[in-house]
$ cat model-v3.tsv   # TSV, C-alpha atoms
chain	number	residue	atom	x	y	z
U	27	MET	CA	157.46	84.71	103.07
U	28	THR	CA	160.94	85.50	104.34
U	29	GLN	CA	163.54	84.20	101.94
U	30	SER	CA	166.45	84.87	104.27
U	31	ALA	CA	166.78	86.98	107.37
U	32	SER	CA	168.72	90.26	107.19
U	33	ALA	CA	169.39	89.72	103.55
U	34	LEU	CA	168.92	93.30	102.42
U	35	GLU	CA	171.30	96.15	103.16
U	36	ILE	CA	169.47	99.46	102.87
U	37	GLU	CA	171.27	102.79	102.98
U	38	VAL	CA	168.79	105.53	103.88
U	39	TRP	CA	169.35	109.28	103.83
U	40	ARG	CA	168.85	110.73	107.31
U	41	GLY	CA	168.63	114.44	108.04
U	42	ALA	CA	167.69	117.35	105.82
U	43	GLU	CA	170.02	119.15	103.36
U	44	GLU	CA	172.81	118.24	105.78
U	45	GLY	CA	172.80	114.64	106.81
U	46	SER	CA	174.27	111.23	106.15
U	47	PHE	CA	173.31	107.72	105.15
U	48	GLN	CA	172.26	105.22	107.78
U	49	THR	CA	172.41	101.54	106.98
U	50	PHE	CA	169.61	99.17	107.94
U	51	LYS	CA	169.31	95.46	107.43
U	52	THR	CA	165.93	94.01	106.59
U	53	PRO	CA	164.69	90.59	105.56
U	54	ARG	CA	164.38	89.81	101.88
U	55	ARG	CA	160.80	88.85	101.08
U	56	GLU	CA	159.11	87.57	97.98
U	57	HIS	CA	157.42	90.25	95.81
U	58	GLN	CA	158.64	92.92	98.23
U	59	THR	CA	158.46	96.52	97.04
U	60	VAL	CA	160.88	99.28	97.97
U	61	LEU	CA	158.05	100.97	99.88
U	62	ASP	CA	157.53	97.73	101.83
U	63	VAL	CA	161.18	97.88	102.87
U	64	VAL	CA	160.96	101.52	104.01
U	65	THR	CA	157.76	100.80	105.94
U	66	GLU	CA	159.35	97.78	107.59
U	67	ILE	CA	162.34	99.84	108.68
U	68	GLN	CA	160.08	102.56	110.08
U	69	ARG	CA	157.77	100.16	111.89
U	70	GLU	CA	160.27	97.60	113.13
U	71	GLN	CA	163.55	99.43	113.54
U	72	ASP	CA	163.34	103.22	113.65
U	73	PRO	CA	160.01	105.00	114.13
U	74	THR	CA	161.72	108.37	113.61
U	75	LEU	CA	162.28	107.65	109.90
U	76	SER	CA	160.23	110.11	107.83
U	77	TYR	CA	158.78	109.22	104.44
U	78	ARG	CA	155.52	109.70	102.56
U	79	PHE	CA	153.02	107.29	101.16
U	80	ALA	CA	149.27	106.89	100.94
U	81	CYS	CA	147.69	104.53	98.44
U	82	ARG	CA	150.48	101.92	97.98
U	83	VAL	CA	149.13	101.09	94.52
U	84	GLY	CA	150.52	103.75	92.20
U	85	ILE	CA	147.64	106.20	92.24
U	86	CYS	CA	148.45	108.93	94.74
U	87	GLY	CA	151.99	109.79	93.64
U	88	SER	CA	153.29	110.47	97.13
U	89	CYS	CA	155.94	107.78	97.66
U	90	ALA	CA	158.53	108.79	95.05
U	91	MET	CA	162.18	108.60	96.11
U	92	VAL	CA	165.57	108.23	94.52
U	93	VAL	CA	166.40	104.53	94.53
U	94	ASN	CA	169.99	103.63	93.69
U	95	GLY	CA	170.41	106.98	91.96
U	96	ARG	CA	167.19	106.89	89.93
U	97	PRO	CA	163.88	108.53	90.82
U	98	ARG	CA	161.10	105.98	91.13
U	99	TRP	CA	157.63	105.38	92.58
U	100	THR	CA	158.59	103.07	95.39
U	101	CYS	CA	155.19	101.38	95.85
U	102	ARG	CA	155.36	99.89	92.35
U	103	THR	CA	159.08	99.22	92.33
U	104	ARG	CA	160.00	95.72	93.32
U	105	VAL	CA	163.16	95.19	95.29
U	106	SER	CA	164.20	92.55	92.76
U	107	GLU	CA	164.27	95.22	90.00
U	108	VAL	CA	166.70	97.53	91.75
U	109	LEU	CA	169.09	95.48	93.86
U	110	GLU	CA	172.76	96.27	93.41
U	111	ASN	CA	175.53	93.86	94.35
U	112	GLY	CA	172.94	91.27	95.29
U	113	ASN	CA	171.42	92.92	98.35
U	114	HIS	CA	172.10	96.63	98.35
U	115	ILE	CA	169.67	99.56	97.96
U	116	ARG	CA	170.41	103.24	98.53
U	117	LEU	CA	167.40	105.47	99.23
U	118	GLU	CA	167.48	109.25	98.93
U	119	PRO	CA	164.78	111.91	98.85
U	120	LEU	CA	163.74	113.33	95.47
U	121	ARG	CA	166.20	115.79	93.99
U	122	ASN	CA	165.55	119.44	93.10
U	123	LEU	CA	163.21	119.94	96.06
U	124	PRO	CA	164.11	121.03	99.61
U	125	ILE	CA	164.42	118.13	102.00
U	126	VAL	CA	162.12	118.33	105.01
U	127	LYS	CA	163.52	115.28	106.74
U	128	ASP	CA	164.96	111.94	105.68
U	129	LEU	CA	163.00	110.83	102.58
U	130	THR	CA	160.40	113.59	102.72
U	131	VAL	CA	160.68	116.63	100.47
U	132	GLU	CA	158.86	119.95	100.45
U	133	MET	CA	156.76	119.86	97.26
U	134	THR	CA	155.31	123.38	97.40
U	135	ALA	CA	157.57	124.69	94.62
U	136	PHE	CA	156.61	121.73	92.42
U	137	PHE	CA	152.87	122.36	92.76
U	138	ASP	CA	153.19	126.16	92.66
U	139	LYS	CA	154.66	125.74	89.20
U	140	TRP	CA	151.50	123.95	88.07
U	141	LYS	CA	149.67	127.13	89.03
U	142	ASN	CA	152.30	129.33	87.37
U	143	ALA	CA	151.89	127.31	84.17
U	144	ARG	CA	148.13	127.86	84.51
U	145	GLY	CA	147.75	124.13	84.74
U	146	TYR	CA	144.11	124.31	85.71
U	147	PHE	CA	140.92	124.25	83.68
U	148	GLU	CA	139.58	127.66	82.62
U	149	PRO	CA	135.87	127.49	81.78
U	150	GLY	CA	135.89	131.13	80.56
U	151	GLU	CA	133.55	133.99	81.35
U	152	LYS	CA	130.60	132.24	79.79
U	153	PRO	CA	130.87	128.51	80.21
U	154	ALA	CA	129.48	126.41	77.40
U	155	GLY	CA	125.76	125.83	77.73
U	156	ASP	CA	125.94	122.28	76.44
U	157	PHE	CA	128.27	119.30	76.60
U	158	ALA	CA	131.30	119.56	74.36
U	159	VAL	CA	131.41	116.74	71.83
U	160	VAL	CA	134.95	115.39	71.77
U	161	LYS	CA	135.62	112.55	69.37
U	162	PRO	CA	137.92	110.00	71.02
U	163	ASP	CA	140.02	109.67	67.89
U	164	SER	CA	140.40	113.40	67.25
U	165	LYS	CA	143.96	114.71	67.14
U	166	LYS	CA	143.56	116.90	70.21
U	167	ARG	CA	141.85	114.23	72.27
U	168	ARG	CA	144.60	111.75	71.44
U	169	ALA	CA	147.22	114.31	72.48
U	170	VAL	CA	145.42	114.68	75.81
U	171	ASP	CA	145.17	110.90	76.23
U	172	GLU	CA	148.91	110.55	75.91
U	173	SER	CA	149.59	113.05	78.69
U	174	ILE	CA	146.66	112.97	81.07
U	175	GLU	CA	147.60	110.17	83.47
U	176	CYS	CA	150.11	112.21	85.51
U	177	ILE	CA	149.87	111.44	89.24
U	178	GLY	CA	152.03	114.39	90.33
U	179	CYS	CA	154.71	112.21	91.91
U	180	GLY	CA	157.59	114.56	91.11
U	181	VAL	CA	159.81	111.86	89.55
U	182	CYS	CA	160.22	113.88	86.34
U	183	TYR	CA	160.99	117.04	88.29
U	184	SER	CA	163.63	115.19	90.29
U	185	ALA	CA	165.20	113.79	87.10
U	186	CYS	CA	165.23	117.06	85.13
U	187	ASP	CA	168.63	118.66	84.52
U	188	VAL	CA	167.08	121.99	83.56
U	189	VAL	CA	165.27	122.22	86.91
U	190	GLU	CA	168.61	121.57	88.57
U	191	TRP	CA	170.21	124.47	86.67
U	192	ASP	CA	167.32	126.88	86.85
U	193	LYS	CA	165.13	126.68	89.92
U	194	ASP	CA	162.53	128.87	88.19
U	195	TYR	CA	162.03	126.44	85.28
U	196	LEU	CA	158.45	125.25	85.35
U	197	GLY	CA	159.47	121.63	84.92
U	198	PRO	CA	158.10	118.67	82.97
U	199	ALA	CA	154.99	117.94	85.04
U	200	ALA	CA	153.57	121.48	85.04
U	201	LEU	CA	154.28	121.90	81.32
U	202	ASN	CA	152.78	118.48	80.57
U	203	ARG	CA	149.62	119.53	82.41
U	204	ALA	CA	149.52	122.79	80.45
U	205	TRP	CA	149.76	120.75	77.23
U	206	THR	CA	146.70	118.66	78.16
U	207	LEU	CA	144.73	121.89	78.67
U	208	VAL	CA	146.01	123.44	75.44
U	209	ASN	CA	144.41	120.44	73.74
U	210	ASP	CA	141.20	120.59	75.76
U	211	VAL	CA	138.62	122.05	73.38
U	212	ARG	CA	136.47	123.22	76.30
U	213	ASP	CA	139.21	125.32	77.88
U	214	GLN	CA	139.07	129.10	77.35
U	215	GLY	CA	142.35	130.10	78.97
U	216	ASN	CA	144.94	129.33	76.35
U	217	ALA	CA	146.07	132.88	75.57
U	218	ALA	CA	147.08	133.46	79.18
U	219	ARG	CA	148.40	129.91	79.45
U	220	LEU	CA	150.66	130.24	76.42
U	221	ASP	CA	151.93	133.55	77.80
U	222	ALA	CA	152.67	131.81	81.10
U	223	ILE	CA	154.54	128.86	79.60
U	224	SER	CA	156.59	130.89	77.13
U	225	LYS	CA	158.50	133.06	79.57
U	226	SER	CA	162.20	132.54	80.22
U	227	GLU	CA	161.43	129.74	82.66
U	228	GLY	CA	158.92	128.13	80.30
U	229	CYS	CA	158.91	125.43	77.65
U	230	GLN	CA	161.70	126.90	75.50
U	231	ALA	CA	164.16	126.24	78.33
U	232	CYS	CA	163.75	122.46	77.86
U	233	HIS	CA	166.90	120.85	76.44
U	234	THR	CA	165.13	117.68	75.31
U	235	HIS	CA	167.37	115.51	77.49
U	236	MET	CA	164.30	113.27	77.97
U	237	ASN	CA	165.09	112.29	81.56
U	238	CYS	CA	161.45	112.99	82.44
U	239	THR	CA	160.27	110.69	79.69
U	240	GLN	CA	162.69	107.96	80.66
U	241	PHE	CA	161.74	107.96	84.33
U	242	CYS	CA	158.01	108.77	84.32
U	243	PRO	CA	156.44	105.78	86.08
U	244	LYS	CA	153.19	106.29	84.17
U	245	GLY	CA	154.90	106.09	80.80
U	246	ILE	CA	154.04	109.69	79.93
U	247	ALA	CA	156.42	111.55	77.62
U	248	PRO	CA	156.55	115.11	78.97
U	249	THR	CA	159.31	115.85	76.46
U	250	TYR	CA	156.80	115.48	73.63
U	251	SER	CA	154.25	117.57	75.50
U	252	ILE	CA	156.86	120.29	75.89
U	253	ALA	CA	157.76	119.96	72.20
U	254	GLY	CA	154.08	120.48	71.41
U	255	LEU	CA	154.06	123.62	73.54
U	256	LYS	CA	157.19	124.87	71.77
U	257	ARG	CA	155.40	124.45	68.44
U	258	LYS	CA	152.40	126.36	69.77
U	259	VAL	CA	154.62	129.14	71.07
U	260	TRP	CA	156.48	129.24	67.76
U	261	TRP	CA	153.37	129.64	65.61
U	262	ARG	CA	151.86	132.11	68.02
U	263	ALA	CA	154.97	134.31	68.12
U	264	PHE	CA	155.53	133.99	64.37
U	265	TRP	CA	152.03	134.26	62.97
U	266	GLY	CA	149.90	135.15	65.94
U	267	ILE	CA	148.21	131.73	65.77
U	268	SER	CA	147.38	130.12	69.09
I	6	MET	CA	163.97	133.02	76.46
I	7	ASN	CA	160.98	134.97	75.34
I	8	PRO	CA	159.01	133.78	72.30
I	9	LYS	CA	160.46	136.40	69.96
I	10	LEU	CA	164.03	135.37	70.76
I	11	PHE	CA	162.95	131.73	70.40
I	12	VAL	CA	161.62	132.42	66.90
I	13	ALA	CA	164.66	134.54	65.99
I	14	GLN	CA	167.02	131.78	67.08
I	15	ARG	CA	165.20	129.12	65.05
I	16	LEU	CA	164.87	131.28	61.94
I	17	SER	CA	168.55	132.24	62.06
I	18	ALA	CA	169.36	128.54	62.52
I	19	PHE	CA	167.57	127.77	59.22
I	20	VAL	CA	169.70	130.40	57.47
I	21	LEU	CA	172.89	129.12	59.14
I	22	ALA	CA	172.21	125.50	58.22
I	23	ALA	CA	172.08	126.45	54.54
I	24	ALA	CA	174.85	129.04	54.75
I	25	VAL	CA	177.32	126.73	56.51
I	26	ALA	CA	176.65	123.98	53.98
I	27	VAL	CA	177.24	126.32	51.03
I	28	HIS	CA	180.29	127.86	52.72
I	29	LEU	CA	181.99	124.52	53.40
I	30	THR	CA	181.10	123.02	50.04
I	31	THR	CA	182.49	126.08	48.28
I	32	ILE	CA	185.74	125.88	50.24
I	33	LEU	CA	186.17	122.17	49.51
I	34	TYR	CA	185.45	122.71	45.82
I	35	ALA	CA	187.55	125.85	45.43
I	36	VAL	CA	190.76	124.69	47.11
I	37	ARG	CA	191.02	121.31	45.39
I	38	GLY	CA	193.76	122.55	43.11
I	39	GLY	CA	195.29	124.91	45.65
I	40	LEU	CA	194.26	128.50	46.07
I	41	SER	CA	196.21	131.69	46.76
I	42	ALA	CA	194.99	134.83	48.52
I	43	GLY	CA	195.23	136.66	45.21
I	44	GLU	CA	193.00	134.13	43.50
I	45	ILE	CA	190.42	134.41	46.28
I	46	LEU	CA	190.37	138.19	46.10
I	47	ALA	CA	190.08	138.05	42.33
I	48	ARG	CA	186.85	136.09	42.75
I	49	THR	CA	185.40	138.17	45.55
I	50	HIS	CA	186.15	141.67	44.28
I	51	GLY	CA	182.98	143.20	42.95
I	52	ASN	CA	181.10	139.92	43.35
I	53	LEU	CA	177.72	141.08	44.62
I	54	ALA	CA	176.29	137.56	45.00
I	55	PHE	CA	179.23	136.65	47.21
I	56	ALA	CA	178.80	139.80	49.31
I	57	LEU	CA	175.06	139.33	49.76
I	58	PHE	CA	175.43	135.66	50.65
I	59	TYR	CA	178.02	136.38	53.33
I	60	ALA	CA	176.09	139.39	54.59
I	61	ALA	CA	173.11	137.09	55.21
I	62	PHE	CA	175.48	134.61	56.88
I	63	VAL	CA	176.92	137.31	59.16
I	64	ILE	CA	173.49	138.67	60.09
I	65	ALA	CA	172.29	135.16	60.96
I	66	VAL	CA	175.37	134.65	63.15
I	67	ALA	CA	174.85	138.01	64.87
I	68	VAL	CA	171.26	136.99	65.69
I	69	HIS	CA	171.88	133.34	66.57
I	70	ALA	CA	175.06	133.36	68.64
I	71	PRO	CA	174.11	135.98	71.26
I	72	ILE	CA	170.75	134.30	71.93
I	73	GLY	CA	172.46	130.96	72.46
I	74	LEU	CA	175.14	132.53	74.61
I	75	ARG	CA	172.45	134.28	76.65
I	76	ASN	CA	170.81	130.92	77.34
I	77	VAL	CA	174.11	129.37	78.36
I	78	LEU	CA	174.92	132.27	80.68
I	79	ARG	CA	171.46	132.18	82.24
I	80	GLU	CA	171.78	128.48	82.93
I	81	TRP	CA	175.35	128.39	84.13
I	82	THR	CA	175.77	131.71	85.91
I	83	PRO	CA	173.57	133.87	88.13
I	84	TRP	CA	173.78	136.70	85.56
I	85	ARG	CA	170.26	137.85	84.64
I	86	GLY	CA	168.35	140.95	83.74
I	87	ARG	CA	169.04	144.07	81.75
I	88	SER	CA	172.83	144.09	82.05
I	89	LEU	CA	172.96	140.62	80.49
I	90	ASP	CA	170.68	141.68	77.63
I	91	ILE	CA	172.71	144.83	76.97
I	92	ALA	CA	176.01	142.92	77.06
I	93	LEU	CA	174.70	140.42	74.52
I	94	ALA	CA	173.22	143.12	72.31
I	95	LEU	CA	176.70	144.68	72.22
I	96	PHE	CA	178.18	141.25	71.44
I	97	SER	CA	175.72	140.96	68.58
I	98	LEU	CA	176.77	144.34	67.22
I	99	LEU	CA	180.43	143.33	67.53
I	100	LEU	CA	179.85	140.16	65.50
I	101	LEU	CA	177.91	142.15	62.93
I	102	ALA	CA	180.59	144.84	62.65
I	103	LEU	CA	183.49	142.38	62.38
I	104	GLY	CA	181.67	140.21	59.85
I	105	LEU	CA	180.47	143.03	57.61
I	106	ARG	CA	183.88	144.70	57.75
I	107	ALA	CA	185.51	141.46	56.56
I	108	ILE	CA	183.04	141.19	53.67
I	109	TYR	CA	183.62	144.81	52.71
I	110	ALA	CA	187.39	144.30	52.80
I	111	VAL	CA	187.35	141.49	50.24
I	112	TYR	CA	184.53	142.96	48.13
I	113	VAL	CA	185.91	146.38	47.26

$ encode --input "model-v3.tsv" --output "structure tokens"
Amino acid sequence: MTQSASALEIEVWRGAEEGSFQTFKTPRREHQTVLDVVTEIQREQDPTLSYRFACRVGICGSCAMVVNGRPRWTCRTRVSEVLENGNHIRLEPLRNLPIVKDLTVEMTAFFDKWKNARGYFEPGEKPAGDFAVVKPDSKKRRAVDESIECIGCGVCYSACDVVEWDKDYLGPAALNRAWTLVNDVRDQGNAARLDAISKSEGCQACHTHMNCTQFCPKGIAPTYSIAGLKRKVWWRAFWGIS
Amino acid sequence: MNPKLFVAQRLSAFVLAAAVAVHLTTILYAVRGGLSAGEILARTHGNLAFALFYAAFVIAVAVHAPIGLRNVLREWTPWRGRSLDIALALFSLLLLALGLRAIYAVYV
């Protein structure tokens, strides 16, 4: 239902690293999300506007953008939550990643860092012959539960000051993923993983600013995952315990 | 920061936390009634406990400060690699030399 025509004023980044904001006016609708607004602009006003989305329901992690200065998943962000001065929204691409065009960023570096952090399951040379029994209330399983729901949207990476300073820093999402695997009792790759995440660009570089934790749309606290990795690295370097 | 530097920085921080507290408390206690240089030297001359305490303090500083400075320089400047490590190792030696020299001067 249209509440009033041309009620929203949307500033949208156009271009790549060099570019400028273009202002669009769109109708204000009930229960409208920010992604709805971008889609409406692209379909009704300017088909050359580039942006990414897939699922529209907060599962795929592809529609993240910077909305009024804060990184957000736009499909689950209602316009009513973010309006400034009554009708204004400013949309930018995620920070800390190269801009391809308009609201679309190149996410290769982000996902490469998951690989660099060895953020993938390592079954080992001889995979277990039987199912691992993991008690749901065990300490390690609970640590995994707290961190496992990452959708790879890049919001934390965009919000992280350390990534901004040091482009080699692995970033909150990759380190969070490594933490879930460190706590996976089936995984056999922790020695190499802890080596990977304890280099100069690894977990010790985190300043505990907690931007990732504040902005994660899934309510994950990568800061605590990184703190857990720091403890692991500490004990391993100090006592050889991993 | 590699894991060994990470551990060294945290361990030296433990020492510094205690050392700074003792250092400041001692100053506040000692100067309450006014204190001259002569009175200070009278207490420090030949005082092995004093010398050992401040030697530990100086060593912790010489470990802690260059590692922190290295992190700051790595984050805020493009300076990386061996030249940075050598420069900060020299800075560490400078802190150590200045600190131990000062202790020696008031001990003997």

$ atom_distance --input "model-v3.tsv" --atom1 "atom CA of His114 of chain U" --atom2 "atom CA of Pro73 of chain U"
21.6 Å

$ atom_distance --input "model-v3.tsv" --atom1 "atom CA of Lys225 of chain U" --atom2 "atom CA of Val259 of chain U"
10.1 Å

$ residues_around --input "model-v3.tsv" --residues "Asp192 of chain U" --least-positions-apart "2" --cutoff "10 Å" --atoms "only C-alpha atoms" --output "ChimeraX atom specification"
/U:122,187-190,194-197,227,231 /I:79-83

$ closest_atom_pairs --input "model-v3.tsv" --of "chain I" --to "chain U" --cutoff "8 Å" --atoms "only C-alpha atoms" --output "JSON lines"
{"residue": "I:Met6", "atom": "CA", "partner": "U:Ser226", "partner_atom": "CA", "distance": 4.2}
{"residue": "I:Asn7", "atom": "CA", "partner": "U:Lys225", "partner_atom": "CA", "distance": 5.3}
{"residue": "I:Pro8", "atom": "CA", "partner": "U:Ala263", "partner_atom": "CA", "distance": 5.8}
{"residue": "I:Lys9", "atom": "CA", "partner": "U:Ala263", "partner_atom": "CA", "distance": 6.2}
{"residue": "I:Phe11", "atom": "CA", "partner": "U:Gln230", "partner_atom": "CA", "distance": 7.1}
{"residue": "I:Val12", "atom": "CA", "partner": "U:Trp260", "partner_atom": "CA", "distance": 6.1}
{"residue": "I:Glu80", "atom": "CA", "partner": "U:Trp191", "partner_atom": "CA", "distance": 5.7}
{"residue": "I:Trp81", "atom": "CA", "partner": "U:Trp191", "partner_atom": "CA", "distance": 6.9}

$ closest_residue --input "model-v3.tsv" --among "I:Val27, I:Gly39, I:Gln14, I:His50" --to "Tyr112 of chain I" --atoms "all atoms listed in the file"
I:His50

$ closest_residue --input "model-v3.tsv" --among "U:Asp128, U:Glu110, U:Glu172, U:Glu35" --to "Thr239 of chain U" --atoms "only C-alpha atoms"
U:Glu172

$ residues_around --input "model-v3.tsv" --residues "Leu105 of chain I" --least-positions-apart "4" --cutoff "8 Å" --atoms "only C-alpha atoms" --output "list in words"
Ala60, Val63, Leu101 and Tyr109 of chain I

$ closest_residue --input "model-v3.tsv" --among "U:Ala154, U:Ala247, U:Met236, U:Cys179" --to "Trp205 of chain U" --atoms "all atoms listed in the file"
U:Ala247

$ atom_distance --input "model-v3.tsv" --atom1 "atom CA of Gly41 of chain U" --atom2 "atom CA of Phe136 of chain U"
21.0 Å

$ closest_residue --input "model-v3.tsv" --among "U:Ala90, U:Leu120, U:Ala218, U:Ala253" --to "Val60 of chain U" --atoms "only C-alpha atoms"
U:Ala90

$ closest_residue --input "model-v3.tsv" --among "I:Leu46, I:Leu99, I:Leu33, I:Leu10" --to "Gly73 of chain I" --atoms "all atoms listed in the file"
I:Leu10

$ residues_around --input "model-v3.tsv" --residues "Asp72 of chain U" --least-positions-apart "4" --cutoff "12 Å" --atoms "all atoms listed in the file" --output "compact mmCIF listing (two decimals) with C-alpha atoms, in the coordinates of the input"
# COMPACT_ATOMS: atom_id res chain seq x y z
CA VAL U 38 168.79 105.53 103.88
CA ARG U 40 168.85 110.73 107.31
CA GLN U 48 172.26 105.22 107.78
CA THR U 49 172.41 101.54 106.98
CA PHE U 50 169.61 99.17 107.94
CA LYS U 51 169.31 95.46 107.43
CA THR U 52 165.93 94.01 106.59
CA VAL U 64 160.96 101.52 104.01
CA THR U 65 157.76 100.80 105.94
CA GLU U 66 159.35 97.78 107.59
CA ILE U 67 162.34 99.84 108.68
CA GLN U 68 160.08 102.56 110.08
CA SER U 76 160.23 110.11 107.83
CA TYR U 77 158.78 109.22 104.44
CA ASP U 128 164.96 111.94 105.68

$ closest_residue --input "model-v3.tsv" --among "U:Val170, U:Val93, U:Leu109, U:Ala143" --to "Phe241 of chain U" --atoms "all atoms listed in the file"
U:Val93
